[in-house]
>>> print(open('start-v8.txt').read())   # compact mmCIF, C-alpha atoms
# COMPACT_ATOMS: atom_id res chain seq x y z
CA MET A 1 0.00 0.00 0.00
CA GLN A 2 0.94 3.63 -0.44
CA LEU A 3 0.47 6.51 2.01
CA PHE A 4 0.52 10.02 0.57
CA VAL A 5 1.73 12.64 3.01
CA PHE A 6 2.65 16.31 2.99
CA PRO A 7 5.59 17.08 5.34
CA GLY A 8 4.34 18.01 8.79
CA ALA A 9 0.66 18.05 7.77
CA CYS A 10 -1.95 16.08 9.71
CA SER A 11 -0.93 13.08 7.56
CA PHE A 12 2.01 12.85 9.97
CA ALA A 13 -0.26 10.92 12.39
CA SER A 14 -0.78 8.13 9.86
CA HIS A 15 2.94 8.12 9.07
CA VAL A 16 3.75 7.68 12.77
CA LEU A 17 1.29 4.81 13.01
CA ILE A 18 2.89 3.02 10.05
CA ASN A 19 6.19 3.22 11.93
CA GLU A 20 4.63 2.09 15.22
CA LEU A 21 3.22 -0.99 13.49
CA ASP A 22 6.16 -1.55 11.11
CA LEU A 23 3.69 -1.84 8.24
CA PRO A 24 5.01 -2.42 4.71
CA ALA A 25 3.75 0.85 3.26
CA GLU A 26 5.39 3.07 0.68
CA LEU A 27 5.49 6.68 1.85
CA ILE A 28 4.95 9.20 -0.91
CA ILE A 29 5.70 12.81 -0.12
CA VAL A 30 3.66 15.28 -2.14
CA LYS A 31 3.22 19.02 -2.19
CA LEU A 32 -0.32 20.23 -1.71
CA GLY A 33 -1.86 22.19 -4.54
CA THR A 34 0.60 20.97 -7.17
CA PRO A 35 -0.98 20.28 -10.58
CA ASN A 36 -0.14 16.85 -12.03
CA SER A 37 0.60 15.52 -8.55
CA PRO A 38 0.25 11.70 -8.46
CA LEU A 39 -2.09 12.29 -5.52
CA LEU A 40 -4.68 14.03 -7.72
CA GLN A 41 -4.97 10.93 -9.88
CA ILE A 42 -6.33 8.90 -6.99
CA ASN A 43 -7.89 11.66 -4.83
CA PRO A 44 -9.37 14.57 -6.81
CA LEU A 45 -9.60 16.62 -3.60
CA GLY A 46 -5.81 16.44 -3.33
CA ARG A 47 -5.97 16.03 0.43
CA VAL A 48 -3.59 14.15 2.72
CA PRO A 49 -3.43 11.63 4.22
CA THR A 50 -4.58 9.43 1.36
CA LEU A 51 -4.01 5.69 1.58
CA LYS A 52 -4.04 3.53 -1.54
CA LEU A 53 -4.45 -0.17 -0.88
CA ASP A 54 -2.93 -2.89 -3.06
CA ASP A 55 -6.32 -3.59 -4.65
CA GLY A 56 -6.60 0.06 -5.68
CA THR A 57 -9.08 1.08 -2.96
CA VAL A 58 -8.48 4.64 -1.81
CA ILE A 59 -9.08 5.68 1.80
CA THR A 60 -9.00 9.28 2.98
CA GLU A 61 -9.30 11.08 6.36
CA ASN A 62 -7.23 10.32 9.45
CA THR A 63 -10.46 9.41 11.24
CA ALA A 64 -10.69 6.40 8.87
CA ILE A 65 -7.04 5.66 8.10
CA LEU A 66 -5.85 5.51 11.72
CA PRO A 67 -8.44 2.89 12.80
CA TYR A 68 -7.99 0.96 9.54
CA LEU A 69 -4.19 0.70 9.87
CA ALA A 70 -4.42 -0.19 13.57
CA ASP A 71 -6.90 -2.97 12.80
CA LEU A 72 -4.46 -4.53 10.32
CA VAL A 73 -2.47 -5.73 13.34
CA PRO A 74 -5.12 -6.78 15.88
CA ASN A 75 -4.61 -6.56 19.63
CA THR A 76 -1.72 -4.11 19.76
CA PRO A 77 -1.87 -1.48 22.55
CA LEU A 78 -2.42 1.20 19.87
CA PHE A 79 -6.17 0.64 19.65
CA ALA A 80 -8.83 -1.54 21.33
CA PRO A 81 -11.18 -4.27 20.08
CA ALA A 82 -14.42 -3.41 18.28
CA GLY A 83 -17.35 -3.09 20.67
CA THR A 84 -15.31 -1.90 23.65
CA SER A 85 -15.88 1.47 25.28
CA GLU A 86 -12.12 2.02 25.25
CA ARG A 87 -12.18 1.91 21.46
CA ALA A 88 -15.04 4.40 21.48
CA GLN A 89 -13.06 6.75 23.72
CA ILE A 90 -10.07 6.59 21.40
CA GLN A 91 -12.33 7.39 18.44
CA SER A 92 -14.04 10.17 20.40
CA TRP A 93 -10.73 11.98 20.89
CA ILE A 94 -9.88 11.52 17.22
CA GLY A 95 -13.26 13.01 16.26
CA TYR A 96 -12.81 15.96 18.64
CA LEU A 97 -9.33 16.67 17.27
CA ASN A 98 -10.60 16.42 13.70
CA SER A 99 -13.48 18.87 14.02
CA GLU A 100 -12.79 21.04 17.08
CA ILE A 101 -9.02 21.45 16.86
CA HIS A 102 -8.18 21.04 13.17
CA ALA A 103 -11.22 22.28 11.19
CA ALA A 104 -12.52 24.81 13.72
CA CYS A 105 -9.22 26.31 14.90
CA PHE A 106 -6.07 25.58 12.94
CA ARG A 107 -7.85 26.05 9.64
CA ALA A 108 -9.07 29.48 10.72
CA ILE A 109 -5.53 30.34 11.83
CA ASN A 110 -3.67 28.88 8.83
CA ARG A 111 -6.26 29.37 6.10
CA PRO A 112 -8.57 32.25 7.04
CA HIS A 113 -9.63 32.50 3.37
CA ARG A 114 -11.66 29.33 3.99
CA TYR A 115 -13.90 31.28 6.37
CA ILE A 116 -14.13 34.75 4.83
CA ASN A 117 -13.42 36.37 1.46
CA ASP A 118 -12.38 39.85 2.57
CA GLU A 119 -8.60 39.83 3.14
CA ALA A 120 -8.89 42.74 5.55
CA GLN A 121 -10.79 40.40 7.87
CA TYR A 122 -8.17 37.61 7.86
CA PRO A 123 -6.52 38.84 11.10
CA ALA A 124 -9.92 38.88 12.84
CA VAL A 125 -10.67 35.29 11.76
CA GLN A 126 -7.17 34.20 12.80
CA ALA A 127 -7.50 35.87 16.20
CA LYS A 128 -10.85 34.16 16.75
CA GLY A 129 -9.34 30.81 15.71
CA LEU A 130 -6.57 31.30 18.23
CA ALA A 131 -9.01 32.22 21.03
CA LEU A 132 -11.12 29.17 20.19
CA LEU A 133 -8.01 26.97 20.09
CA THR A 134 -7.10 28.09 23.61
CA GLU A 135 -10.64 27.22 24.70
CA ASN A 136 -10.83 23.88 22.84
CA LEU A 137 -7.46 22.73 24.19
CA GLN A 138 -8.71 23.09 27.77
CA PRO A 139 -10.61 19.76 27.92
CA ILE A 140 -7.46 18.02 26.63
CA ILE A 141 -5.23 19.75 29.18
CA ALA A 142 -7.66 18.94 32.00
CA HIS A 143 -7.91 15.32 30.89
CA LEU A 144 -4.12 14.90 30.73
CA GLN A 145 -3.52 16.19 34.28
CA LYS A 146 -3.89 12.70 35.67
CA ARG A 147 -2.82 10.66 32.66
CA GLU A 148 0.30 10.07 30.63
CA TRP A 149 -1.62 9.52 27.36
CA LEU A 150 -5.22 10.19 26.27
CA VAL A 151 -6.74 6.73 26.81
CA GLY A 152 -5.79 3.68 28.86
CA GLU A 153 -2.36 4.80 30.07
CA ARG A 154 -0.66 3.89 26.81
CA PHE A 155 0.16 5.54 23.49
CA THR A 156 -2.78 4.99 21.11
CA ILE A 157 -3.78 6.24 17.66
CA ALA A 158 -5.49 9.21 19.42
CA ASP A 159 -2.07 10.28 20.71
CA ALA A 160 -0.49 9.77 17.29
CA TYR A 161 -2.99 12.40 16.10
CA LEU A 162 -2.85 14.85 19.04
CA GLY A 163 0.94 15.11 18.83
CA VAL A 164 0.70 16.55 15.31
CA PHE A 165 -1.41 19.51 16.43
CA LEU A 166 0.89 20.19 19.38
CA SER A 167 3.81 20.34 16.96
CA TRP A 168 1.94 23.08 15.10
CA LEU A 169 1.62 25.31 18.18
CA PRO A 170 5.12 26.83 17.98
CA ARG A 171 4.42 27.87 14.36
CA ILE A 172 1.84 30.28 15.72
CA GLY A 173 4.89 32.21 16.92
CA GLU A 174 4.56 34.72 19.72
CA LYS A 175 0.96 33.65 20.20
CA TYR A 176 2.21 30.18 21.21
CA ILE A 177 -0.12 28.71 23.73
CA VAL A 178 2.04 27.83 26.71
CA ASP A 179 0.90 25.02 28.93
CA GLU A 180 3.39 23.00 30.93
CA ARG A 181 1.45 19.75 30.66
CA LEU A 182 1.11 20.03 26.86
CA ILE A 183 4.81 20.81 26.51
CA GLU A 184 5.70 17.75 28.61
CA TYR A 185 3.27 15.55 26.64
CA HIS A 186 4.65 16.83 23.34
CA LYS A 187 8.20 16.09 24.46
CA ALA A 188 7.22 12.48 25.22
CA TYR A 189 5.57 12.29 21.78
CA GLU A 190 8.59 13.61 19.90
CA SER A 191 10.94 11.27 21.74
CA ARG A 192 9.23 8.12 20.43
CA GLU A 193 11.26 6.22 17.84
CA SER A 194 8.26 6.12 15.46
CA VAL A 195 7.96 9.91 15.57
CA LYS A 196 11.68 10.55 15.23
CA ARG A 197 11.87 8.28 12.18
CA ALA A 198 8.84 9.98 10.61
CA ARG A 199 10.32 13.45 11.25
CA ALA A 200 13.60 12.37 9.67
CA PHE A 201 11.84 10.88 6.66
CA GLU A 202 9.73 14.00 6.10
CA GLN A 203 12.89 16.05 6.74
CA LEU A 204 11.21 18.18 9.30
CA GLU A 205 13.08 20.47 11.55
CA LEU A 206 10.89 21.45 14.41
CA ASN A 207 10.76 25.03 15.42
CA ARG A 208 11.26 24.52 19.12
CA MET B 1 -27.62 3.22 28.42
CA GLN B 2 -28.75 6.80 27.85
CA LEU B 3 -28.42 8.89 24.70
CA PHE B 4 -28.68 12.66 25.11
CA VAL B 5 -30.02 14.44 22.04
CA PHE B 6 -31.15 17.90 21.06
CA PRO B 7 -34.11 17.82 18.62
CA GLY B 8 -32.88 17.84 15.03
CA ALA B 9 -29.23 18.36 15.96
CA CYS B 10 -26.48 16.07 14.64
CA SER B 11 -27.34 13.74 17.53
CA PHE B 12 -30.26 12.68 15.31
CA ALA B 13 -27.86 10.30 13.51
CA SER B 14 -27.20 8.33 16.70
CA HIS B 15 -30.92 8.35 17.50
CA VAL B 16 -31.69 6.85 14.07
CA LEU B 17 -29.06 4.17 14.62
CA ILE B 18 -30.59 3.18 17.96
CA ASN B 19 -33.88 2.66 16.12
CA GLU B 20 -32.23 0.75 13.27
CA LEU B 21 -30.66 -1.65 15.78
CA ASP B 22 -33.56 -1.67 18.24
CA LEU B 23 -31.12 -1.02 21.07
CA PRO B 24 -32.44 -0.68 24.62
CA ALA B 25 -31.38 2.94 25.10
CA GLU B 26 -33.16 5.69 26.97
CA LEU B 27 -33.45 8.82 24.84
CA ILE B 28 -33.06 12.04 26.81
CA ILE B 29 -34.01 15.25 25.05
CA VAL B 30 -32.12 18.30 26.28
CA LYS B 31 -31.90 21.91 25.28
CA LEU B 32 -28.44 23.14 24.48
CA GLY B 33 -27.03 25.91 26.63
CA THR B 34 -29.45 25.32 29.51
CA PRO B 35 -27.87 25.68 32.96
CA ASN B 36 -28.52 22.74 35.32
CA SER B 37 -29.14 20.46 32.35
CA PRO B 38 -28.56 16.79 33.31
CA LEU B 39 -26.24 16.68 30.29
CA LEU B 40 -23.78 19.11 31.91
CA GLN B 41 -23.34 16.74 34.83
CA ILE B 42 -21.84 14.08 32.62
CA ASN B 43 -20.41 16.21 29.77
CA PRO B 44 -19.10 19.62 30.87
CA LEU B 45 -18.97 20.70 27.21
CA GLY B 46 -22.75 20.26 27.03
CA ARG B 47 -22.55 18.83 23.53
CA VAL B 48 -24.77 16.25 21.87
CA PRO B 49 -24.80 13.42 21.12
CA THR B 50 -23.55 12.16 24.46
CA LEU B 51 -23.90 8.48 25.31
CA LYS B 52 -23.78 7.29 28.90
CA LEU B 53 -23.13 3.57 29.29
CA ASP B 54 -24.53 1.50 32.15
CA ASP B 55 -21.11 1.43 33.85
CA GLY B 56 -21.05 5.24 33.81
CA THR B 57 -18.61 5.61 30.90
CA VAL B 58 -19.41 8.68 28.81
CA ILE B 59 -18.84 8.69 25.05
CA THR B 60 -19.12 11.82 22.91
CA GLU B 61 -18.89 12.62 19.17
CA ASN B 62 -20.89 10.92 16.42
CA THR B 63 -17.60 9.73 14.94
CA ALA B 64 -17.22 7.52 18.03
CA ILE B 65 -20.84 6.80 19.02
CA LEU B 66 -21.99 5.59 15.60
CA PRO B 67 -19.24 2.92 15.26
CA TYR B 68 -19.62 1.95 18.93
CA LEU B 69 -23.38 1.39 18.73
CA ALA B 70 -23.08 -0.47 15.41
CA ASP B 71 -20.44 -2.78 16.90
CA LEU B 72 -22.82 -3.73 19.74
CA VAL B 73 -24.71 -5.84 17.18
CA PRO B 74 -21.98 -7.39 15.02
CA ASN B 75 -22.47 -8.27 11.35
CA THR B 76 -25.51 -6.10 10.56
CA PRO B 77 -25.48 -4.33 7.16
CA LEU B 78 -25.11 -1.00 8.98
CA PHE B 79 -21.33 -1.26 9.33
CA ALA B 80 -18.54 -3.66 8.28
CA PRO B 81 -16.05 -5.80 10.23
CA ALA B 82 -12.88 -4.30 11.70
CA GLY B 83 -9.94 -4.49 9.30
CA THR B 84 -12.02 -4.29 6.11
CA SER B 85 -11.63 -1.48 3.60
CA GLU B 86 -15.43 -1.16 3.52
CA ARG B 87 -15.40 -0.20 7.19
CA ALA B 88 -12.67 2.33 6.45
CA GLN B 89 -14.75 3.85 3.67
CA ILE B 90 -17.75 4.19 5.96
CA GLN B 91 -15.56 5.90 8.56
CA SER B 92 -14.00 8.10 5.89
CA TRP B 93 -17.41 9.54 4.94
CA ILE B 94 -18.25 10.06 8.62
CA GLY B 95 -14.97 11.95 9.09
CA TYR B 96 -15.57 14.08 6.00
CA LEU B 97 -19.10 14.96 7.14
CA ASN B 98 -17.84 15.77 10.63
CA SER B 99 -15.10 18.20 9.62
CA GLU B 100 -15.88 19.39 6.08
CA ILE B 101 -19.67 19.63 6.20
CA HIS B 102 -20.51 20.22 9.87
CA ALA B 103 -17.58 22.13 11.41
CA ALA B 104 -16.39 23.91 8.27
CA CYS B 105 -19.76 24.85 6.73
CA PHE B 106 -22.88 24.52 8.85
CA ARG B 107 -21.17 25.98 11.88
CA ALA B 108 -20.12 29.03 9.89
CA ILE B 109 -23.70 29.35 8.61
CA ASN B 110 -25.49 28.70 11.91
CA ARG B 111 -22.94 30.05 14.38
CA PRO B 112 -20.81 32.69 12.66
CA HIS B 113 -19.79 33.99 16.11
CA ARG B 114 -17.59 30.92 16.37
CA TYR B 115 -15.42 32.25 13.53
CA ILE B 116 -15.41 36.02 14.04
CA ASN B 117 -16.23 38.47 16.86
CA ASP B 118 -17.48 41.44 14.82
CA GLU B 119 -21.23 41.05 14.32
CA ALA B 120 -21.11 43.19 11.20
CA GLN B 121 -19.07 40.41 9.59
CA TYR B 122 -21.52 37.58 10.40
CA PRO B 123 -23.20 37.78 6.96
CA ALA B 124 -19.80 37.51 5.24
CA VAL B 125 -18.85 34.42 7.27
CA GLN B 126 -22.27 32.88 6.60
CA ALA B 127 -22.02 33.56 2.86
CA LYS B 128 -18.57 31.96 2.79
CA GLY B 129 -19.90 28.94 4.72
CA LEU B 130 -22.67 28.56 2.18
CA ALA B 131 -20.26 28.81 -0.77
CA LEU B 132 -17.98 26.23 0.85
CA LEU B 133 -20.96 23.98 1.57
CA THR B 134 -21.92 24.01 -2.11
CA GLU B 135 -18.32 23.08 -2.93
CA ASN B 136 -17.96 20.41 -0.22
CA LEU B 137 -21.24 18.73 -1.18
CA GLN B 138 -19.99 18.16 -4.73
CA PRO B 139 -17.89 15.04 -3.97
CA ILE B 140 -20.95 13.55 -2.22
CA ILE B 141 -23.26 14.37 -5.13
CA ALA B 142 -20.77 12.95 -7.64
CA HIS B 143 -20.33 9.80 -5.57
CA LEU B 144 -24.09 9.24 -5.28
CA GLN B 145 -24.73 9.45 -9.02
CA LYS B 146 -24.13 5.72 -9.40
CA ARG B 147 -25.12 4.57 -5.93
CA GLU B 148 -28.21 4.38 -3.79
CA TRP B 149 -26.30 4.87 -0.52
CA LEU B 150 -22.75 6.00 0.32
CA VAL B 151 -21.03 2.63 0.75
CA GLY B 152 -21.80 -0.92 -0.36
CA GLU B 153 -25.29 -0.38 -1.83
CA ARG B 154 -26.96 -0.43 1.56
CA PHE B 155 -27.87 2.03 4.30
CA THR B 156 -24.95 2.32 6.73
CA ILE B 157 -24.03 4.52 9.68
CA ALA B 158 -22.49 6.97 7.18
CA ASP B 159 -25.96 7.46 5.66
CA ALA B 160 -27.53 7.84 9.11
CA TYR B 161 -25.19 10.82 9.49
CA LEU B 162 -25.44 12.35 5.99
CA GLY B 163 -29.24 12.46 6.16
CA VAL B 164 -29.11 14.83 9.13
CA PHE B 165 -27.17 17.46 7.23
CA LEU B 166 -29.47 17.18 4.22
CA SER B 167 -32.42 17.83 6.53
CA TRP B 168 -30.71 21.08 7.53
CA LEU B 169 -30.50 22.38 3.97
CA PRO B 170 -34.08 23.70 3.78
CA ARG B 171 -33.45 25.74 6.95
CA ILE B 172 -30.99 27.80 4.97
CA GLY B 173 -34.13 29.16 3.30
CA GLU B 174 -33.88 30.80 -0.07
CA LYS B 175 -30.23 29.87 -0.25
CA TYR B 176 -31.28 26.20 -0.25
CA ILE B 177 -28.88 24.20 -2.30
CA VAL B 178 -30.98 22.41 -4.87
CA ASP B 179 -29.68 19.18 -6.28
CA GLU B 180 -32.04 16.55 -7.62
CA ARG B 181 -29.91 13.61 -6.48
CA LEU B 182 -29.62 14.94 -2.93
CA ILE B 183 -33.37 15.58 -2.76
CA GLU B 184 -34.08 12.02 -3.93
CA TYR B 185 -31.53 10.59 -1.45
CA HIS B 186 -32.99 12.65 1.38
CA LYS B 187 -36.50 11.43 0.53
CA ALA B 188 -35.31 7.82 0.80
CA TYR B 189 -33.68 8.68 4.13
CA GLU B 190 -36.78 10.31 5.60
CA SER B 191 -39.00 7.41 4.52
CA ARG B 192 -37.11 4.85 6.63
CA GLU B 193 -39.03 3.63 9.67
CA SER B 194 -36.07 4.35 11.95
CA VAL B 195 -35.98 7.97 10.79
CA LYS B 196 -39.75 8.48 10.99
CA ARG B 197 -39.82 7.14 14.56
CA ALA B 198 -36.91 9.37 15.56
CA ARG B 199 -38.57 12.44 13.99
CA ALA B 200 -41.81 11.67 15.85
CA PHE B 201 -39.98 11.16 19.14
CA GLU B 202 -38.05 14.41 18.80
CA GLN B 203 -41.32 16.04 17.65
CA LEU B 204 -39.74 17.46 14.59
CA GLU B 205 -41.73 18.94 11.83
CA LEU B 206 -39.57 19.22 8.79
CA ASN B 207 -39.65 22.41 6.92
CA ARG B 208 -40.12 20.91 3.50
>>> encode(input="start-v8.txt", output="structure tokens")
Amino acid sequence: MQLFVFPGACSFASHVLINELDLPAELIIVKLGTPNSPLLQINPLGRVPTLKLDDGTVITENTAILPYLADLVPNTPLFAPAGTSERAQIQSWIGYLNSEIHAACFRAINRPHRYINDEAQYPAVQAKGLALLTENLQPIIAHLQKREWLVGERFTIADAYLGVFLSWLPRIGEKYIVDERLIEYHKAYESRESVKRARAFEQLELNR
Amino acid sequence: MQLFVFPGACSFASHVLINELDLPAELIIVKLGTPNSPLLQINPLGRVPTLKLDDGTVITENTAILPYLADLVPNTPLFAPAGTSERAQIQSWIGYLNSEIHAACFRAINRPHRYINDEAQYPAVQAKGLALLTENLQPIIAHLQKREWLVGERFTIADAYLGVFLSWLPRIGEKYIVDERLIEYHKAYESRESVKRARAFEQLELNR
């Protein structure tokens, strides 16, 4: 199978998971918005992550790719069996990160043109996105006060996803949201072998 | 178990699924933003759907509740087994609806204050949300040209979710996005017994 990623984008979570599971996947680095990209031939929306299976099936969205990849190797600590409430809690965090952190906040900050046409209003949309990000991170911070990872005291696919967004915080520059617990959590994330290998492969230098 | 819903909100998808599976769940109708709501005692964010299991575990987000409920009754046509690409495709549509239709579009249309502070700019944010909605519905419309339902020629939990957003389109009023295929699909959705029972229970009169 092939996983299409853009360096440092949210596709990084799926990349980390492939390393965690040592899956035989070919990583294909693409640039977003490039005409004639091989990605556009299989996913007209040109979004990452995109996973192409050996039978040609194309799967998009981290919310689908992370559970799918984890289920390829049943009973690892990275996920939980179907029908368990632990699995539901892992998927709940993934859903929250997908809509309330990525779409609602980082997109407003990084791509204000998706929420308003008037360029003069971009700073206002970005400021609102940042305020909402501060607010929407609070349940995560509160939850992590008594836990090392999001669910079940072990690194799961929900953590593979959360770590990506935390690595985006420093890019916000002087507006960087400082929280000691998140910094500590992010340090633990970046020190995993799977993450270090993915960073090296995507040739990312983190702005820390 | 107890499912907390707000009439006609996105929690409707989980309500429909409970009817499809005939699960023994107590439906609790709440009003959003009400102080002292029983919902706030178990979910400080006060969001719906919220599912409370018999052991007290609380699960939030349709992206988690829909798969969890479907897995309680294995091997129904509503979902697909763990590890299959069909399951991943069902989850991919749920993820897309969650972030690209709900958070990115309907929230901008229905709650522009979530994306900008200046009230004078609300119409601009709403207009952008509507334009983006038209754009983000296109992949769904194209996909449904050759299919009755989203995945596998049968009603799945992805359809339970999509139908909710289609029922919101008429609320947009004169800006209603007219597409013959979506109207036909929505009619099939609303004519299911599970949907009719859920509408009656939530005492919804659709604005059609």
>>> atom_distance(input="start-v8.txt", atom1="CA of Ile28 (chain A)", atom2="CA of Arg197 (chain A)")
14.8 Å
>>> atom_distance(input="start-v8.txt", atom1="CA of His102 (chain A)", atom2="CA of Gln121 (chain B)")
22.5 Å
>>> closest_atom_pairs(input="start-v8.txt", of="chain A", to="chain B", cutoff="8 Å", atoms="all atoms listed in the file", output="JSON lines")
{"residue": "A:Thr57", "atom": "CA", "partner": "B:Ser85", "partner_atom": "CA", "distance": 7.5}
{"residue": "A:Ile59", "atom": "CA", "partner": "B:Gln89", "partner_atom": "CA", "distance": 6.2}
{"residue": "A:Thr60", "atom": "CA", "partner": "B:Ser92", "partner_atom": "CA", "distance": 5.9}
{"residue": "A:Glu61", "atom": "CA", "partner": "B:Ser92", "partner_atom": "CA", "distance": 5.6}
{"residue": "A:Asn62", "atom": "CA", "partner": "B:Gly95", "partner_atom": "CA", "distance": 7.9}
{"residue": "A:Thr63", "atom": "CA", "partner": "B:Gly95", "partner_atom": "CA", "distance": 5.6}
{"residue": "A:Ala64", "atom": "CA", "partner": "B:Ser92", "partner_atom": "CA", "distance": 4.8}
{"residue": "A:Ile65", "atom": "CA", "partner": "B:Ala88", "partner_atom": "CA", "distance": 6.7}
{"residue": "A:Pro67", "atom": "CA", "partner": "B:Ala88", "partner_atom": "CA", "distance": 7.7}
{"residue": "A:Tyr68", "atom": "CA", "partner": "B:Ala88", "partner_atom": "CA", "distance": 5.8}
{"residue": "A:Leu69", "atom": "CA", "partner": "B:Gly83", "partner_atom": "CA", "distance": 7.8}
{"residue": "A:Asp71", "atom": "CA", "partner": "B:Gly83", "partner_atom": "CA", "distance": 4.9}
{"residue": "A:Leu72", "atom": "CA", "partner": "B:Gly83", "partner_atom": "CA", "distance": 5.6}
{"residue": "A:Ala82", "atom": "CA", "partner": "B:Asp71", "partner_atom": "CA", "distance": 6.2}
{"residue": "A:Gly83", "atom": "CA", "partner": "B:Asp71", "partner_atom": "CA", "distance": 4.9}
{"residue": "A:Thr84", "atom": "CA", "partner": "B:Tyr68", "partner_atom": "CA", "distance": 7.5}
{"residue": "A:Ser85", "atom": "CA", "partner": "B:Tyr68", "partner_atom": "CA", "distance": 7.4}
{"residue": "A:Arg87", "atom": "CA", "partner": "B:Tyr68", "partner_atom": "CA", "distance": 7.9}
{"residue": "A:Ala88", "atom": "CA", "partner": "B:Ala64", "partner_atom": "CA", "distance": 5.1}
{"residue": "A:Gln89", "atom": "CA", "partner": "B:Ile59", "partner_atom": "CA", "distance": 6.2}
{"residue": "A:Ile90", "atom": "CA", "partner": "B:Ala64", "partner_atom": "CA", "distance": 8.0}
{"residue": "A:Gln91", "atom": "CA", "partner": "B:Ala64", "partner_atom": "CA", "distance": 4.9}
{"residue": "A:Ser92", "atom": "CA", "partner": "B:Ala64", "partner_atom": "CA", "distance": 4.8}
{"residue": "A:Gly95", "atom": "CA", "partner": "B:Thr63", "partner_atom": "CA", "distance": 5.6}
{"residue": "A:Tyr96", "atom": "CA", "partner": "B:Glu61", "partner_atom": "CA", "distance": 7.0}
{"residue": "A:Asn98", "atom": "CA", "partner": "B:Ser99", "partner_atom": "CA", "distance": 6.3}
{"residue": "A:Ser99", "atom": "CA", "partner": "B:Ser99", "partner_atom": "CA", "distance": 4.7}
{"residue": "A:Glu100", "atom": "CA", "partner": "B:Ala103", "partner_atom": "CA", "distance": 7.5}
{"residue": "A:Ala103", "atom": "CA", "partner": "B:Ser99", "partner_atom": "CA", "distance": 5.8}
{"residue": "A:Ala104", "atom": "CA", "partner": "B:Ala103", "partner_atom": "CA", "distance": 6.2}
{"residue": "A:Ala108", "atom": "CA", "partner": "B:Tyr115", "partner_atom": "CA", "distance": 7.5}
{"residue": "A:Arg114", "atom": "CA", "partner": "B:Lys128", "partner_atom": "CA", "distance": 7.5}
{"residue": "A:Tyr115", "atom": "CA", "partner": "B:Lys128", "partner_atom": "CA", "distance": 5.9}
{"residue": "A:Ile116", "atom": "CA", "partner": "B:Val125", "partner_atom": "CA", "distance": 5.3}
{"residue": "A:Asn117", "atom": "CA", "partner": "B:Lys128", "partner_atom": "CA", "distance": 6.9}
{"residue": "A:Ala124", "atom": "CA", "partner": "B:Ile116", "partner_atom": "CA", "distance": 6.3}
{"residue": "A:Val125", "atom": "CA", "partner": "B:Ile116", "partner_atom": "CA", "distance": 5.3}
{"residue": "A:Lys128", "atom": "CA", "partner": "B:Ile116", "partner_atom": "CA", "distance": 5.6}
{"residue": "A:Gly129", "atom": "CA", "partner": "B:Tyr115", "partner_atom": "CA", "distance": 6.6}
{"residue": "A:Leu132", "atom": "CA", "partner": "B:Arg114", "partner_atom": "CA", "distance": 7.7}
>>> closest_residue(input="start-v8.txt", among="A:Tyr189, A:Ala200, A:Ala25, A:Gln145", to="Tyr161 (chain A)", atoms="only C-alpha atoms")
A:Tyr189
>>> residues_around(input="start-v8.txt", residues="Glu20 (chain A)", least_positions_apart="5", cutoff="9 Å", atoms="only C-alpha atoms", output="list in words")
His15, Leu78, Glu193, Ser194 and Val195 of chain A
>>> atom_distance(input="start-v8.txt", atom1="CA of Leu133 (chain A)", atom2="CA of Ala9 (chain B)")
23.3 Å
>>> closest_residue(input="start-v8.txt", among="A:Val30, A:Arg154, A:Val164, A:Arg181", to="Ala198 (chain A)", atoms="all atoms listed in the file")
A:Val164
>>> residues_near_point(input="start-v8.txt", point="(-2.1, 28.2, 27.1)", cutoff="10 Å", atoms="all atoms listed in the file", output="list in words")
Leu133, Thr134, Glu135, Leu137, Gln138, Ile141, Lys175, Tyr176, Ile177, Val178, Asp179, Glu180, Arg181 and Leu182 of chain A
>>> closest_residue(input="start-v8.txt", among="A:Tyr185, A:Phe106, A:Phe201, A:Phe6", to="Asp159 (chain A)", atoms="all atoms listed in the file")
A:Tyr185
>>> residues_near_point(input="start-v8.txt", point="(-28.2, 26.2, 8.5)", cutoff="6 Å", atoms="all atoms listed in the file", output="list in words")
Phe106, Ile109, Asn110, Trp168, Arg171 and Ile172 of chain B
>>> closest_residue(input="start-v8.txt", among="A:Leu23, A:Cys10, A:Lys146, A:Asn36", to="Ile101 (chain A)", atoms="all atoms listed in the file")
A:Cys10
>>> closest_residue(input="start-v8.txt", among="B:Gly33, B:Gly163, B:Pro170, B:Pro38", to="Glu190 (chain B)", atoms="all atoms listed in the file")
B:Gly163
>>> closest_residue(input="start-v8.txt", among="B:Leu166, B:Ala188, B:Val151, B:Ala80", to="Gly8 (chain B)", atoms="all atoms listed in the file")
B:Leu166
>>> axis_aligned_box(input="start-v8.txt", around="region 148-163 of chain B", padding_each_side="6 Å", output="JSON")
{"center_x": -25.1, "center_y": 5.8, "center_z": 2.9, "size_x": 20.2, "size_y": 25.4, "size_z": 25.5}
>>> residues_around(input="start-v8.txt", residues="Val5 (chain B)", least_positions_apart="6", cutoff="9 Å", atoms="only C-alpha atoms", output="CSV table (one decimal) with C-alpha atoms, in the frame of the given file")
chain,number,residue,atom,x,y,z
B,11,SER,CA,-27.3,13.7,17.5
B,12,PHE,CA,-30.3,12.7,15.3
B,14,SER,CA,-27.2,8.3,16.7
B,15,HIS,CA,-30.9,8.4,17.5
B,27,LEU,CA,-33.4,8.8,24.8
B,28,ILE,CA,-33.1,12.0,26.8
B,29,ILE,CA,-34.0,15.2,25.0
B,30,VAL,CA,-32.1,18.3,26.3
B,31,LYS,CA,-31.9,21.9,25.3
B,47,ARG,CA,-22.6,18.8,23.5
B,48,VAL,CA,-24.8,16.2,21.9
B,49,PRO,CA,-24.8,13.4,21.1
B,50,THR,CA,-23.6,12.2,24.5
B,202,GLU,CA,-38.0,14.4,18.8
